[in-house]
Structures are given as C-alpha cells and as structure tokens.
$ cat my_file.cif   # mmCIF, C-alpha atoms
data_my_file
#
loop_
_atom_site.label_atom_id
_atom_site.label_comp_id
_atom_site.auth_asym_id
_atom_site.auth_seq_id
_atom_site.Cartn_x
_atom_site.Cartn_y
_atom_site.Cartn_z
CA MET X 1 94.65 109.77 140.25
CA ASN X 2 96.38 108.62 137.10
CA PRO X 3 99.67 106.70 137.35
CA GLN X 4 101.20 109.14 134.91
CA ASN X 5 100.41 112.43 136.61
CA GLY X 6 103.43 112.72 138.90
CA HIS X 7 101.69 111.64 142.11
CA PHE X 8 103.62 108.38 142.35
CA THR X 9 107.13 107.88 143.67
CA LEU X 10 109.62 105.32 142.35
CA LEU X 11 112.66 104.17 144.30
CA ILE X 12 115.40 103.03 141.92
CA VAL X 13 118.03 100.80 143.54
CA ASP X 14 121.18 99.90 141.61
CA ASP X 15 124.86 99.97 142.52
CA ASP X 16 125.75 100.99 138.96
CA LYS X 17 125.46 104.76 138.48
CA HIS X 18 124.89 104.41 134.74
CA ASN X 19 121.93 102.08 135.29
CA ARG X 20 120.43 104.44 137.87
CA LEU X 21 120.68 107.37 135.48
CA LEU X 22 119.24 105.32 132.63
CA LEU X 23 116.17 104.36 134.65
CA THR X 24 115.82 107.88 136.03
CA GLU X 25 115.82 109.36 132.52
CA LEU X 26 113.22 106.81 131.49
CA PHE X 27 110.73 107.67 134.26
CA GLU X 28 111.52 111.14 135.61
CA GLY X 29 109.02 112.87 133.32
CA GLU X 30 106.18 110.78 134.74
CA TYR X 31 107.00 110.09 138.39
CA LYS X 32 108.97 111.42 141.32
CA ILE X 33 112.29 109.53 141.43
CA ILE X 34 114.42 108.57 144.43
CA GLN X 35 117.76 106.80 143.94
CA ALA X 36 119.66 104.39 146.17
CA LYS X 37 123.09 103.02 145.35
CA ASN X 38 123.08 100.04 147.73
CA GLY X 39 120.78 97.85 149.77
CA LEU X 40 121.14 99.63 153.12
CA GLN X 41 120.41 102.98 151.56
CA ALA X 42 117.40 101.46 149.81
CA LEU X 43 115.94 100.30 153.13
CA GLU X 44 116.48 103.71 154.72
CA LEU X 45 114.84 105.55 151.82
CA ALA X 46 111.95 103.09 151.66
CA ARG X 47 111.16 103.71 155.34
CA ALA X 48 111.57 107.47 155.03
CA HIS X 49 109.61 108.04 151.79
CA ALA X 50 107.26 105.04 151.45
CA PRO X 51 107.60 104.94 147.64
CA ASP X 52 104.78 103.51 145.56
CA LEU X 53 107.05 101.10 143.69
CA ILE X 54 110.66 99.92 144.01
CA LEU X 55 112.81 99.01 141.01
CA LEU X 56 115.47 96.81 142.58
CA ASP X 57 118.67 95.45 141.07
CA VAL X 58 119.33 91.86 142.10
CA LEU X 59 123.13 91.76 141.76
CA MET X 60 124.63 94.23 144.22
CA PRO X 61 127.67 93.89 146.50
CA GLU X 62 127.34 93.40 150.26
CA MET X 63 123.51 93.33 150.31
CA ASP X 64 121.94 91.95 147.14
CA GLY X 65 118.38 92.39 145.96
CA MET X 66 117.16 89.16 147.55
CA ALA X 67 118.39 90.31 150.97
CA VAL X 68 116.80 93.73 150.44
CA ILE X 69 113.36 92.34 149.61
CA ARG X 70 113.54 90.01 152.62
CA ALA X 71 114.22 93.03 154.85
CA LEU X 72 111.44 95.05 153.20
CA LYS X 73 108.88 92.30 153.76
CA ARG X 74 109.88 91.88 157.43
CA ASP X 75 109.21 95.55 158.17
CA ASP X 76 105.56 96.57 158.70
CA ALA X 77 106.36 100.02 157.32
CA THR X 78 107.59 98.69 153.96
CA ARG X 79 106.09 95.24 153.47
CA HIS X 80 103.25 96.62 151.35
CA ILE X 81 105.53 98.34 148.78
CA PRO X 82 105.59 96.41 145.48
CA VAL X 83 109.03 95.49 144.14
CA ILE X 84 110.06 94.86 140.54
CA PHE X 85 113.44 93.21 140.11
CA ILE X 86 115.72 94.63 137.43
CA THR X 87 118.22 91.87 136.68
CA ALA X 88 120.61 90.33 134.19
CA LEU X 89 119.95 86.89 135.67
CA ASP X 90 118.13 84.54 133.33
CA SER X 91 117.75 81.60 135.70
CA ALA X 92 114.20 80.34 136.25
CA ALA X 93 115.21 79.35 139.80
CA ASP X 94 116.34 82.90 140.57
CA GLU X 95 113.11 84.31 139.18
CA GLU X 96 111.05 81.82 141.19
CA LEU X 97 112.94 82.75 144.37
CA GLY X 98 112.33 86.45 143.83
CA LEU X 99 108.63 85.94 143.22
CA ASP X 100 108.38 83.69 146.28
CA LEU X 101 109.98 86.45 148.35
CA GLY X 102 107.30 88.88 147.23
CA ALA X 103 108.48 90.55 144.01
CA VAL X 104 105.59 91.45 141.72
CA ASP X 105 107.53 91.30 138.44
CA TYR X 106 110.90 90.92 136.73
CA ILE X 107 112.41 93.18 134.08
CA ALA X 108 115.41 91.61 132.39
CA LYS X 109 118.55 93.52 131.43
CA PRO X 110 119.09 94.80 128.86
CA PHE X 111 115.50 96.02 128.97
CA HIS X 112 113.38 97.50 126.22
CA PRO X 113 112.36 101.00 127.48
CA PRO X 114 108.77 100.99 126.16
CA ILE X 115 108.10 97.60 127.75
CA ALA X 116 109.66 98.66 131.06
CA ARG X 117 107.52 101.81 131.03
CA VAL X 118 104.31 99.84 130.41
CA ARG X 119 105.09 97.30 133.14
CA VAL X 120 105.75 100.03 135.69
CA ARG X 121 102.59 101.88 134.68
CA ASN X 122 100.50 98.70 134.97
CA HIS X 123 101.75 97.95 138.48
CA LEU X 124 101.15 101.53 139.59
CA GLN X 125 97.61 101.26 138.24
CA ILE X 126 97.13 98.25 140.51
CA VAL X 127 98.49 100.29 143.44
CA HIS X 128 96.04 103.07 142.57
CA GLN X 129 93.07 100.70 142.37
CA ARG X 130 93.98 98.99 145.65
CA ARG X 131 94.14 102.33 147.44
CA LEU X 132 90.76 103.35 146.08
CA LEU X 133 89.26 100.11 147.39
CA GLU X 134 90.92 100.63 150.77
CA GLN X 135 89.52 104.16 150.96
CA ILE X 136 86.03 102.96 150.10
CA ALA X 137 86.25 100.15 152.65
CA ALA X 138 87.26 102.64 155.36
CA LEU X 139 84.33 105.02 154.79
CA ASP X 140 80.81 104.96 156.16
CA GLY X 141 78.43 104.75 153.22
CA LEU X 142 75.80 107.13 154.61
CA THR X 143 77.87 109.95 156.09
CA GLY X 144 81.06 109.78 154.03
CA ILE X 145 83.30 109.95 157.10
CA PRO X 146 85.53 107.09 158.29
CA ASN X 147 83.78 104.03 159.68
CA ARG X 148 84.42 101.97 162.81
CA ARG X 149 86.99 99.80 161.06
CA ARG X 150 89.06 102.86 160.21
CA PHE X 151 88.60 104.24 163.74
CA ASP X 152 89.88 101.00 165.28
CA GLU X 153 92.96 101.14 163.03
CA ALA X 154 93.62 104.80 163.81
CA LEU X 155 93.14 104.27 167.55
CA ALA X 156 95.76 101.50 167.58
CA GLN X 157 98.19 103.62 165.57
CA GLU X 158 97.74 106.82 167.58
CA TRP X 159 97.76 104.96 170.90
CA SER X 160 101.14 103.44 170.04
CA ARG X 161 102.49 106.76 168.79
CA CYS X 162 101.39 108.67 171.92
CA GLN X 163 102.83 105.91 174.08
CA ARG X 164 106.22 106.41 172.42
CA SER X 165 106.08 110.20 172.66
CA GLY X 166 104.55 110.39 176.15
CA LEU X 167 101.84 112.75 174.87
CA PRO X 168 98.13 112.62 175.77
CA LEU X 169 95.43 111.00 173.65
CA SER X 170 91.81 112.11 173.94
CA LEU X 171 88.59 110.55 172.70
CA ILE X 172 85.11 112.02 172.46
CA VAL X 173 82.13 109.71 171.98
CA ALA X 174 79.00 111.46 170.67
CA ASP X 175 75.42 110.19 170.53
CA VAL X 176 72.35 111.86 168.99
CA ASP X 177 69.83 112.53 171.77
CA GLN X 178 66.42 110.84 171.47
CA PHE X 179 67.19 109.65 167.96
CA LYS X 180 64.65 106.82 168.02
CA GLN X 181 61.88 109.31 168.75
CA TYR X 182 63.12 111.46 165.89
CA ASN X 183 63.01 108.52 163.47
CA ASP X 184 59.60 107.42 164.74
CA THR X 185 58.18 110.92 164.21
CA LEU X 186 59.83 112.12 160.99
CA GLY X 187 60.98 108.89 159.36
CA HIS X 188 64.29 107.25 158.62
CA ALA X 189 65.09 109.43 155.61
CA ALA X 190 65.00 112.50 157.85
CA GLY X 191 67.03 110.59 160.42
CA ASP X 192 69.66 109.85 157.79
CA ARG X 193 69.95 113.55 157.04
CA VAL X 194 70.49 114.25 160.74
CA LEU X 195 73.31 111.70 160.86
CA GLN X 196 74.90 113.40 157.84
CA ASP X 197 74.64 116.78 159.60
CA VAL X 198 76.24 115.37 162.75
CA ALA X 199 79.05 113.87 160.66
CA ALA X 200 79.63 117.27 159.03
CA ALA X 201 79.84 118.94 162.45
CA LEU X 202 82.38 116.36 163.65
CA ARG X 203 84.39 116.70 160.45
CA GLN X 204 84.63 120.45 161.08
CA ALA X 205 85.78 119.82 164.65
CA ALA X 206 88.55 117.45 163.49
CA ARG X 207 90.74 120.31 162.31
CA ARG X 208 94.26 118.92 162.62
CA PRO X 209 95.74 116.30 160.28
CA GLY X 210 95.91 113.68 163.04
CA ASP X 211 92.34 114.19 164.29
CA LEU X 212 89.77 111.64 163.16
CA ALA X 213 85.99 111.92 163.10
CA ALA X 214 84.24 108.60 162.48
CA ARG X 215 80.84 106.95 162.68
CA TYR X 216 81.06 104.24 165.31
CA GLY X 217 77.66 102.72 164.59
CA GLY X 218 74.00 103.71 164.50
CA GLU X 219 73.70 107.25 165.89
CA GLU X 220 77.03 107.06 167.76
CA PHE X 221 80.14 108.88 166.56
CA VAL X 222 83.70 109.30 167.78
CA LEU X 223 86.31 112.03 167.61
CA LEU X 224 89.89 110.82 168.12
CA LEU X 225 92.30 113.56 169.19
CA PRO X 226 96.02 112.64 169.36
CA GLU X 227 98.39 114.89 171.29
CA THR X 228 95.40 116.65 172.89
CA ASP X 229 95.07 117.14 176.64
CA ALA X 230 91.78 117.18 178.54
CA PRO X 231 91.20 120.97 178.56
CA GLN X 232 91.82 121.16 174.81
CA ALA X 233 89.53 118.22 174.12
CA GLN X 234 86.83 119.62 176.41
CA GLN X 235 86.98 122.90 174.50
CA LEU X 236 86.38 120.94 171.30
CA ALA X 237 83.43 119.21 173.00
CA ASP X 238 81.95 122.63 173.79
CA GLU X 239 82.49 123.71 170.19
CA LEU X 240 80.79 120.58 168.91
CA LEU X 241 77.70 121.23 171.04
CA GLN X 242 77.65 124.83 169.79
CA ARG X 243 77.95 123.67 166.16
CA MET X 244 74.93 121.42 166.58
CA ALA X 245 72.94 124.19 168.29
CA ALA X 246 73.77 126.53 165.41
CA ARG X 247 72.32 124.06 162.90
CA LYS X 248 68.89 124.38 164.56
CA LEU X 249 67.60 121.04 163.33
CA PRO X 250 64.00 120.78 164.62
CA HIS X 251 63.21 117.79 166.82
CA PRO X 252 59.43 117.78 167.35
CA ALA X 253 59.53 114.73 169.62
CA ALA X 254 62.26 115.95 171.97
CA SER X 255 61.41 116.16 175.66
CA GLY X 256 64.03 118.84 176.26
CA ALA X 257 65.50 121.21 173.67
CA PRO X 258 63.30 121.65 170.56
CA CYS X 259 66.28 120.93 168.29
CA VAL X 260 68.54 117.95 167.67
CA THR X 261 71.28 117.80 170.31
CA LEU X 262 74.21 115.58 171.21
CA SER X 263 75.43 114.02 174.41
CA LEU X 264 79.19 113.58 174.66
CA GLY X 265 81.51 111.47 176.75
CA GLY X 266 85.23 112.04 176.83
CA ILE X 267 88.43 110.55 178.14
CA THR X 268 92.07 111.60 178.12
CA THR X 269 95.06 109.43 178.91
CA ILE X 270 98.78 109.11 178.34
CA PRO X 271 99.14 105.53 177.10
CA ALA X 272 101.34 103.43 179.37
CA SER X 273 101.77 100.51 176.96
CA SER X 274 101.75 100.01 173.21
CA VAL X 275 98.44 98.11 173.28
CA VAL X 276 95.14 100.00 173.56
CA ALA X 277 93.67 99.67 177.06
CA PRO X 278 90.51 97.50 176.84
CA ASP X 279 88.46 99.99 178.87
CA PHE X 280 89.54 103.15 177.02
CA PHE X 281 86.44 103.37 174.83
CA GLU X 282 84.19 101.88 177.52
CA ARG X 283 85.06 104.65 179.99
CA ALA X 284 84.33 107.36 177.42
CA ASP X 285 81.06 105.62 176.58
CA ALA X 286 80.15 105.48 180.27
CA ALA X 287 80.80 109.23 180.53
CA LEU X 288 78.46 109.69 177.55
CA TYR X 289 75.62 107.94 179.37
CA GLN X 290 76.36 110.00 182.44
CA ALA X 291 75.80 113.10 180.27
CA LYS X 292 72.47 111.68 179.11
CA ALA X 293 71.46 110.95 182.70
CA GLN X 294 72.25 114.55 183.66
CA GLY X 295 69.86 115.95 181.05
CA ARG X 296 71.53 115.49 177.62
CA ASN X 297 73.01 118.21 175.38
CA ARG X 298 76.23 118.30 177.43
CA TRP X 299 79.52 116.49 177.94
CA CYS X 300 80.96 114.50 180.82
CA TRP X 301 84.56 113.43 181.17
CA ALA X 302 85.87 110.15 182.53
CA PRO X 303 88.13 110.67 185.56
CA ALA X 304 91.86 110.30 184.97
CA THR X 305 93.52 107.11 186.22
#
$ encode --input "my_file.cif" --output "structure tokens"
Amino acid sequence: MNPQNGHFTLLIVDDDKHNRLLLTELFEGEYKIIQAKNGLQALELARAHAPDLILLDVLMPEMDGMAVIRALKRDDATRHIPVIFITALDSAADEELGLDLGAVDYIAKPFHPPIARVRVRNHLQIVHQRRLLEQIAALDGLTGIPNRRRFDEALAQEWSRCQRSGLPLSLIVADVDQFKQYNDTLGHAAGDRVLQDVAAALRQAARRPGDLAARYGGEEFVLLLPETDAPQAQQLADELLQRMAARKLPHPAASGAPCVTLSLGGITTIPASSVVAPDFFERADAALYQAKAQGRNRWCWAPAT
C-alpha cells in the first residue's frame, strides 16, 4: 500500500471553512477526506471512521485542539490515530504541550503546500510501515494464518462484543491426530506440510468476516466463531472433518484411518461479563481430548453452563 494511492483517510478539523477547503483541495486528489468544523464533531467522526491521520487546528472556540487531542488519547478507539496540529501559534511552550499530549508534528500557518504535503505523506508512510509490522507479528510463520497472540486479542474483542449484544460465541479447538507418529515416520518437513494443509482447511471454514482461524501452537489450531450458536458451530465442525477427509493425506503410521485426521473440541456460550471466562478455552480443550479418547476423527462439545 502506498500512502498516495487513495487508501488512507484524513480527518481535517478546523472551525474556519476557508481553511478546511484549502486543506481539502491540497489533499483530496491523494486521500479520502473527512471534514469536521469543531472539536465535538471531530471526536464523533474519529470514532466512526477511524481515520489514518488527523489534521487538527489548535485555536477553535468551545473545544480547542488541545482538548480534542486529550479526548482522543483517552479513548481506546482513537488513541492510536496520529495527530498533526495545524496552528498559527508560534510559542515553543504551546508546541511542547501539544507534543507532550501526543501530537506527532506541527504545521505552522500560513503553511507552504509542498511542505505540508510531504509531512503528511511521511507520517502516513510511518502508519503504513507500523501496520505491516503488526500484521507480520500477528501471523504464524509456517502456516500464514493468525497466531496465538492474534487469537487472544480477537477472543477478548469478540467476547466483549458478544457480551454487549447478548449473542453466542463459539470456539472449536482442533488437533492433528497422531502427529508425533507422522513426524517420526515421514519427517518434520512432511509434518510442516500437513500443518499448512490443516491451516488451509480452517481458513476455508472461517467464511464470515468475524470468523478467525489461528494456529494455537504445535499441531493445535482454533476456530473462533462470533455470533454462532452450537448447532451452527457443530455443522462447521462436521465440514472441517469432511474437508480433511477430502484431502486424503496419507498417514502410514496411523492406528485408525489411513489418512491424516483431526479431533475437535467445541464450546458455545453467551458471555455474561466483559472479561473472558478463564475456563472457556480449557473446556473446549477438554472436549477435544474427549474426542480423542472416543476414537479420534470426530468432535465433542462441552456442555452448556
């Protein structure tokens, strides 16, 4: 993604219409532009649109730029958005205060358009690089699907969201059956390819935007299913077993089926509090080992509480 290809959104905040239009004309050919004419409107638009960068006038009536950035940094939904102050103030103390509050830069009025354009582009390049690093940090290096860190984050977010909406949250924990024997017989390179195949099957099962397939660790995977009740999640578990069977990956050391299979454990709940229940994953994992004890290549579901 290039900071000049229209994928970034700027929020321009200024009580002066002329200044808003001037900045809009300067950047509208490169970025999506949102305008706010006062501090309260700026906070509302920042929460609603999560812009990539905010150009914020300092001197505004009622709620000035300093108050706006304080409010932005107090809100978890907006604290990460970089802010550049656009100001006619030339006081070093004012600039120090703004930077202490979290502003990433100052552009003085009257500004030189080419310099303003370069400064905005440079900060958006930093945003772009940070996001790339975050994406890499959230992915499992072998399978290319999200890792445990990303799963833990998503579980906390979706748990809280389902608690607010009163909708069910389901989790499937999957484990490759007799994986040690597979590695011992065919080698770790072949085992790695199996893990990649399992990740692909889970990725196909995570069809909706909110669903998340992730590698939990070793040969264990998870499928997080927000707003999904037990029958729906169990249907997905059946589909996942069928997807693995269709791949027909030979397992010469298996004591049961001659192909690589999965055992699955599931759980469904309607969160009662905003904090993830400590035993949520543990109960799904226990159901997984119940499936293994019953012969593998099947799913078991934790009883509702």
$ resolve_selection --input "my_file.cif" --expression "the PyMOL selection byres ((chain X and resi 26-34) around 6)" --output "list of chain:residue names"
X:Gln4, X:Gly6, X:Phe8, X:Thr9, X:Leu10, X:Leu11, X:Leu23, X:Thr24, X:Glu25, X:Gln35
$ write_last_selection --input "my_file.cif" --atoms "C-alpha atoms" --output "PDB file, keeping the file's coordinate frame"
ATOM      1  CA  GLN X   4     101.200 109.140 134.910  1.00  0.00           C
ATOM      2  CA  GLY X   6     103.430 112.720 138.900  1.00  0.00           C
ATOM      3  CA  PHE X   8     103.620 108.380 142.350  1.00  0.00           C
ATOM      4  CA  THR X   9     107.130 107.880 143.670  1.00  0.00           C
ATOM      5  CA  LEU X  10     109.620 105.320 142.350  1.00  0.00           C
ATOM      6  CA  LEU X  11     112.660 104.170 144.300  1.00  0.00           C
ATOM      7  CA  LEU X  23     116.170 104.360 134.650  1.00  0.00           C
ATOM      8  CA  THR X  24     115.820 107.880 136.030  1.00  0.00           C
ATOM      9  CA  GLU X  25     115.820 109.360 132.520  1.00  0.00           C
ATOM     10  CA  GLN X  35     117.760 106.800 143.940  1.00  0.00           C
TER      11      GLN X  35
END
$ closest_residue --input "my_file.cif" --among "X:Leu40, X:Ala201, X:Ala103, X:Leu142" --to "X:Ala189" --atoms "only C-alpha atoms"
X:Leu142
$ closest_atom_pairs --input "my_file.cif" --of "stretch 64-172 of chain X" --to "stretch 228-234 of chain X" --cutoff "6 Å" --atoms "all atoms listed in the file" --output "CSV"
residue,atom,partner,partner_atom,distance
X:Pro168,CA,X:Asp229,CA,5.5
X:Leu169,CA,X:Thr228,CA,5.7
X:Ser170,CA,X:Thr228,CA,5.9
$ atom_distance --input "my_file.cif" --atom1 "atom CA of X:Asp197" --atom2 "atom CA of X:Ala156"
27.3 Å
$ resolve_selection --input "my_file.cif" --expression "the PyMOL selection byres ((chain X and resi 179) around 12)" --output "PyMOL selection string"
chain X and resi 175-178+180-188+190-195+198+218-220+251-255+259-263
$ residues_around --input "my_file.cif" --residues "X:Lys37" --least-positions-apart "5" --cutoff "6 Å" --atoms "all atoms listed in the file" --output "PyMOL selection string"
chain X and resi 13-15
$ write_last_selection --input "my_file.cif" --atoms "C-alpha atoms" --output "PDB file, in the coordinates of the input"
ATOM      1  CA  VAL X  13     118.030 100.800 143.540  1.00  0.00           C
ATOM      2  CA  ASP X  14     121.180  99.900 141.610  1.00  0.00           C
ATOM      3  CA  ASP X  15     124.860  99.970 142.520  1.00  0.00           C
TER       4      ASP X  15
END
$ build_atoms --input "my_file.cif" --residues "stretch 66-102 of chain X" --atoms "N, CA and C atoms" --output "compact mmCIF listing (two decimals), keeping the file's coordinate frame"
# COMPACT_ATOMS: atom_id res chain seq x y z
N MET X 66 117.93 90.15 146.79
CA MET X 66 117.16 89.16 147.55
C MET X 66 117.16 89.50 149.04
N ALA X 67 118.31 89.92 149.55
CA ALA X 67 118.39 90.31 150.97
C ALA X 67 117.57 91.57 151.23
N VAL X 68 117.57 92.49 150.27
CA VAL X 68 116.80 93.73 150.44
C VAL X 68 115.31 93.43 150.51
N ILE X 69 114.81 92.60 149.59
CA ILE X 69 113.36 92.34 149.61
C ILE X 69 112.96 91.56 150.86
N ARG X 70 113.84 90.69 151.35
CA ARG X 70 113.54 90.01 152.62
C ARG X 70 113.37 91.02 153.74
N ALA X 71 114.29 92.00 153.81
CA ALA X 71 114.22 93.03 154.85
C ALA X 71 112.98 93.90 154.68
N LEU X 72 112.63 94.24 153.45
CA LEU X 72 111.44 95.05 153.20
C LEU X 72 110.19 94.34 153.68
N LYS X 73 110.08 93.06 153.41
CA LYS X 73 108.88 92.30 153.76
C LYS X 73 108.80 92.00 155.25
N ARG X 74 109.91 92.08 155.96
CA ARG X 74 109.88 91.88 157.43
C ARG X 74 109.41 93.13 158.16
N ASP X 75 109.50 94.28 157.53
CA ASP X 75 109.21 95.55 158.17
C ASP X 75 107.76 95.96 157.86
N ASP X 76 106.96 96.18 158.91
CA ASP X 76 105.56 96.57 158.70
C ASP X 76 105.43 97.85 157.90
N ALA X 77 106.43 98.74 158.01
CA ALA X 77 106.36 100.02 157.32
C ALA X 77 106.60 99.90 155.82
N THR X 78 107.22 98.81 155.38
CA THR X 78 107.59 98.69 153.96
C THR X 78 107.07 97.43 153.28
N ARG X 79 106.47 96.52 154.04
CA ARG X 79 106.09 95.24 153.47
C ARG X 79 105.07 95.37 152.34
N HIS X 80 104.29 96.46 152.35
CA HIS X 80 103.25 96.62 151.35
C HIS X 80 103.76 97.19 150.03
N ILE X 81 105.02 97.67 149.97
CA ILE X 81 105.53 98.34 148.78
C ILE X 81 105.86 97.30 147.72
N PRO X 82 105.26 97.38 146.53
CA PRO X 82 105.59 96.41 145.48
C PRO X 82 107.01 96.60 144.96
N VAL X 83 107.64 95.49 144.61
CA VAL X 83 109.03 95.49 144.14
C VAL X 83 109.10 94.81 142.78
N ILE X 84 109.74 95.47 141.83
CA ILE X 84 110.06 94.86 140.54
C ILE X 84 111.57 94.68 140.49
N PHE X 85 112.01 93.46 140.25
CA PHE X 85 113.44 93.21 140.11
C PHE X 85 113.91 93.61 138.71
N ILE X 86 115.02 94.32 138.67
CA ILE X 86 115.72 94.63 137.43
C ILE X 86 116.99 93.78 137.44
N THR X 87 117.12 92.83 136.53
CA THR X 87 118.22 91.87 136.68
C THR X 87 118.72 91.34 135.34
N ALA X 88 120.00 90.99 135.35
CA ALA X 88 120.61 90.33 134.19
C ALA X 88 120.54 88.82 134.32
N LEU X 89 120.06 88.33 135.47
CA LEU X 89 119.95 86.89 135.67
C LEU X 89 118.86 86.32 134.76
N ASP X 90 119.13 85.16 134.18
CA ASP X 90 118.13 84.54 133.33
C ASP X 90 117.75 83.15 133.84
N SER X 91 118.05 82.90 135.12
CA SER X 91 117.75 81.60 135.70
C SER X 91 116.30 81.55 136.18
N ALA X 92 115.59 80.52 135.79
CA ALA X 92 114.20 80.34 136.25
C ALA X 92 114.15 80.18 137.76
N ALA X 93 115.18 79.54 138.34
CA ALA X 93 115.21 79.35 139.80
C ALA X 93 115.33 80.69 140.51
N ASP X 94 116.19 81.59 139.97
CA ASP X 94 116.34 82.90 140.57
C ASP X 94 115.03 83.70 140.49
N GLU X 95 114.37 83.60 139.34
CA GLU X 95 113.11 84.31 139.18
C GLU X 95 112.05 83.75 140.12
N GLU X 96 112.01 82.43 140.27
CA GLU X 96 111.05 81.82 141.19
C GLU X 96 111.31 82.26 142.63
N LEU X 97 112.59 82.32 143.01
CA LEU X 97 112.94 82.75 144.37
C LEU X 97 112.46 84.17 144.61
N GLY X 98 112.75 85.06 143.66
CA GLY X 98 112.33 86.45 143.83
C GLY X 98 110.84 86.60 143.96
N LEU X 99 110.08 85.87 143.15
CA LEU X 99 108.63 85.94 143.22
C LEU X 99 108.12 85.35 144.53
N ASP X 100 108.75 84.27 144.99
CA ASP X 100 108.38 83.69 146.28
C ASP X 100 108.63 84.66 147.43
N LEU X 101 109.66 85.48 147.30
CA LEU X 101 109.98 86.45 148.35
C LEU X 101 109.05 87.67 148.33
N GLY X 102 108.28 87.80 147.25
CA GLY X 102 107.30 88.88 147.23
C GLY X 102 107.43 89.86 146.09
